[in-house]
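Written out below as structure tokens is the structure these notes cover.
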Amino acid sequence: MRWDDFRSSGNVEDRRGEGGGGFQMPGGRGGLGIGTILIVGIVGWALGINPLVLLSGLEAIQGGGGSSYQQQAPSQATRQGPPTDELGRFAAAVLAQTEDVWTELFRAQGRTYVDPKMVLFSGQTRSGCGGASAEMGPFYCPTDQKVYLDLSFFQEMKTRFKAPGDFAAAYVIAHEVGHHVQNLTGILPKIQAAQRNASTKREANALSVRAELMADCLAGVWAYHANERFRILEPGDVEQALAAATAIGDDRLQRQSQGVVVPDSFTHGSSQQRVTWFTRGLKSGSMQQCNTLQGAI
């Protein structure tokens with residue numbers, strides 16, 4: 001598929017090269033090493049949340065002070081107009097397709113779809129949910145309704161996750177936009193409220209799994225309708241997306257990082273669950289088939 005054949009979204013903030021921003025990470029007792037930060041970043045992306053939350057929790061557990069991560073204001077050198085480089089154009093084209101698909105699906109339900117912004121950055125930047133850095137991976141911030149993405153992550157997918165291909169990368173963007181759909185429909189705020197009121201960590205984790213599997217299913221719904229409208233799928237594309245979903249299942253990540261799998265600590269779902277729910281959305285094309293909040297998953 002030649003993604004250059006499609007329009008680019010006008011909702012891209014290209015902050016690459018802005019300089020500054022992010023965190024200062026002073027050394028000293030109790031500080032987190034860069035290896036820990038990188039690992040948490042991978043897991044954070046798999047959860048679809050701002051990994052700053054995870055990093056702050058680790059710092060507290062290890063006895064570090066709250067000042068270990070200090071945000072600095074970046075220079076706002078946002079480029080005007082759509083990206084002109086290949087990866088930037090690709091991301092803008094995928095975002096445009098999510099806009100077209102979700103606008104139509106919301107209209108069919110008597111709703112209005114509000115396009116999210118996508119922030120492309122390199123290295124570090126600031127979000128409505130806190131700092132963002134390349135090591136953290138892509139995430140959606142419901143506070144400012146923006147998807148944050150350092151495009152170098154797609155190279156990480158090829159080398160670290162063994163999930164190459166344009167459609168695997170498109171799946172990443174569609175998953176984050178799936179969180180935006182949850183936010184617009186009021187599902188994400190309700191899940192977050194339920195997590196805050198959860199009596200146990202296991203209960204809160206289970207809610208997170210359901211939210212993340214729903215975003216996978218919604219990514220599949222997008223793929224179904226984008227293919228119906230634009231014929232985006234080529235042989236091997238679905239396999240690329242499934243490989244990406246498999247690579248970031250909680251069981252796979254836990255086995256790689258700690259050698260054992262602890263299902264009660266899952267926050268995103270197993271590889272099989274991720275594949276199942278993405279496939280369900282892809283085959284049905286129906287948002288109604290993505291209700292992970294009821295019944296078994």
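The chains in the structure tokens are called A, B, ... from first to last as shown; in each chain the residues are counted from 1, and the ligands are counted from 1 in the order shown.
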Arg16 (chain A) environment, 7 Å, only C-alpha atoms, sequence neighbours closer than 6 positions dropped, as a PyMOL selection string: chain A and resi 120-122
Which residues of region 132-186 of chain A have any atom within 12 Å of an atom in region 283-290 of chain A when counting only C-alpha atoms, and what is the closest pair of atoms for each, with the distance in Å to one decimal? Order the rows by chain and rising number and write it as a tab-separated table.
residue	atom	partner	partner_atom	distance
A:Gly178	CA	A:Met287	CA	10.5
A:Val181	CA	A:Met287	CA	10.1
A:Gln182	CA	A:Met287	CA	10.6
A:Thr185	CA	A:Met287	CA	11.2
Residues within 8 Å of region 79-95 of chain A, only C-alpha atoms, excluding chain neighbours under 2 positions, as number ranges by chain: A: 3-4, 6-10, 12-15, 77, 97-99, 118, 120, 151, 170, 173-174
What would the file look like if the residues just selected were written as a compact mmCIF listing (two decimals), in the first residue's frame with C-alpha atoms?
# COMPACT_ATOMS: atom_id res chain seq x y z
CA TRP A 3 0.31 5.62 1.92
CA ASP A 4 1.43 8.65 -0.07
CA PHE A 6 -3.88 9.28 0.70
CA ARG A 7 -4.42 12.69 2.20
CA SER A 8 -2.49 13.84 5.24
CA SER A 9 -4.29 14.87 8.41
CA GLY A 10 -4.21 18.53 9.33
CA VAL A 12 -0.53 16.86 13.33
CA GLU A 13 1.71 18.94 15.59
CA ASP A 14 5.25 18.38 14.40
CA ARG A 15 7.51 19.26 17.32
CA ALA A 77 9.07 25.05 17.62
CA GLN A 97 -7.87 7.54 7.74
CA THR A 98 -8.85 7.14 11.38
CA GLU A 99 -10.55 10.55 11.15
CA MET A 118 -1.12 13.77 16.99
CA LEU A 120 5.25 14.05 16.58
CA LEU A 151 8.61 8.04 15.11
CA ALA A 170 -0.58 1.72 11.58
CA ILE A 173 -1.58 4.56 15.86
CA ALA A 174 -5.06 3.05 15.53
Neighbour list for Tyr148 (chain A) as a PyMOL selection string, cut-off 6 Å, only C-alpha atoms, skip fewer than 6 positions in-chain: chain A and resi 118-119+138-139
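With only C-alpha atoms taken into account, the protein and nucleic acid residues at most 6 Å from Gly220 (chain A) (excluding it and anything under 6 positions from it in its own chain) are Phe278, Gly281 and Leu282 of chain A.
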Which residue of A:Ala243, A:Ala169, A:Ile191, A:Val209 approaches Ile297 (chain A) most closely, using only C-alpha atoms: A:Val209
Atom-to-atom span, CA of Phe153 (chain A) and CA of Glu135 (chain A), Å: 8.4 Å
Determine, using only C-alpha atoms, which residues of region 190-240 of chain A have any atom at most 12 Å from an atom of region 259-263 of chain A, and tabulate each with its shortest atom pair and distance in Å to one decimal place, rows ordered by chain and then rising number, as CSV.
residue,atom,partner,partner_atom,distance
A:Arg202,CA,A:Pro263,CA,9.5
A:Asn205,CA,A:Pro263,CA,9.8
A:Ala206,CA,A:Pro263,CA,9.7
A:Val209,CA,A:Pro263,CA,10.7
Might you pull out every residue within 9 Å of Leu233 (chain A), with only C-alpha atoms counted and same-chain residues fewer than 5 positions away left off, and present them as a PDB file with N, CA, C and O atoms, in the first residue's frame?
ATOM      1  N   MET A   1       0.841  -1.193   0.000  1.00  0.00           N
ATOM      2  CA  MET A   1       0.000   0.000   0.000  1.00  0.00           C
ATOM      3  C   MET A   1       0.875   1.240   0.000  1.00  0.00           C
ATOM      4  O   MET A   1       1.785   1.353   0.825  1.00  0.00           O
ATOM      5  N   PHE A 167       1.752  -1.809   8.234  1.00  0.00           N
ATOM      6  CA  PHE A 167       0.459  -2.019   8.879  1.00  0.00           C
ATOM      7  C   PHE A 167       0.617  -2.270  10.371  1.00  0.00           C
ATOM      8  O   PHE A 167      -0.267  -1.922  11.152  1.00  0.00           O
ATOM      9  N   ALA A 223      -9.556  -0.835  10.964  1.00  0.00           N
ATOM     10  CA  ALA A 223      -8.928  -1.534   9.838  1.00  0.00           C
ATOM     11  C   ALA A 223      -9.987  -2.095   8.889  1.00  0.00           C
ATOM     12  O   ALA A 223      -9.830  -2.027   7.661  1.00  0.00           O
ATOM     13  N   ALA A 226     -11.497   0.981   7.029  1.00  0.00           N
ATOM     14  CA  ALA A 226     -10.493   1.605   6.171  1.00  0.00           C
ATOM     15  C   ALA A 226     -10.248   0.745   4.940  1.00  0.00           C
ATOM     16  O   ALA A 226     -10.060   1.261   3.826  1.00  0.00           O
ATOM     17  N   ASN A 227     -10.275  -0.560   5.121  1.00  0.00           N
ATOM     18  CA  ASN A 227     -10.081  -1.454   3.981  1.00  0.00           C
ATOM     19  C   ASN A 227     -11.295  -1.430   3.055  1.00  0.00           C
ATOM     20  O   ASN A 227     -11.152  -1.463   1.826  1.00  0.00           O
ATOM     21  N   VAL A 238      -2.342  -8.129   7.692  1.00  0.00           N
ATOM     22  CA  VAL A 238      -2.995  -8.558   8.927  1.00  0.00           C
ATOM     23  C   VAL A 238      -2.017  -9.324   9.808  1.00  0.00           C
ATOM     24  O   VAL A 238      -1.984  -9.153  11.030  1.00  0.00           O
TER      25      VAL A 238
END
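Across region 145-244 of chain A, DSSP run on the backbone finds strand (DSSP E or B) at Lys146, Val147, Tyr148 and Leu149 of chain A.
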Backbone-only DSSP, helix (DSSP H, G or I) members of region 48-263 of chain A, as an NGL selection string: :A and (52-61 or 86-108 or 134-136 or 153-159 or 166-184 or 187-196 or 201-230 or 237-247 or 250-258 or 263)
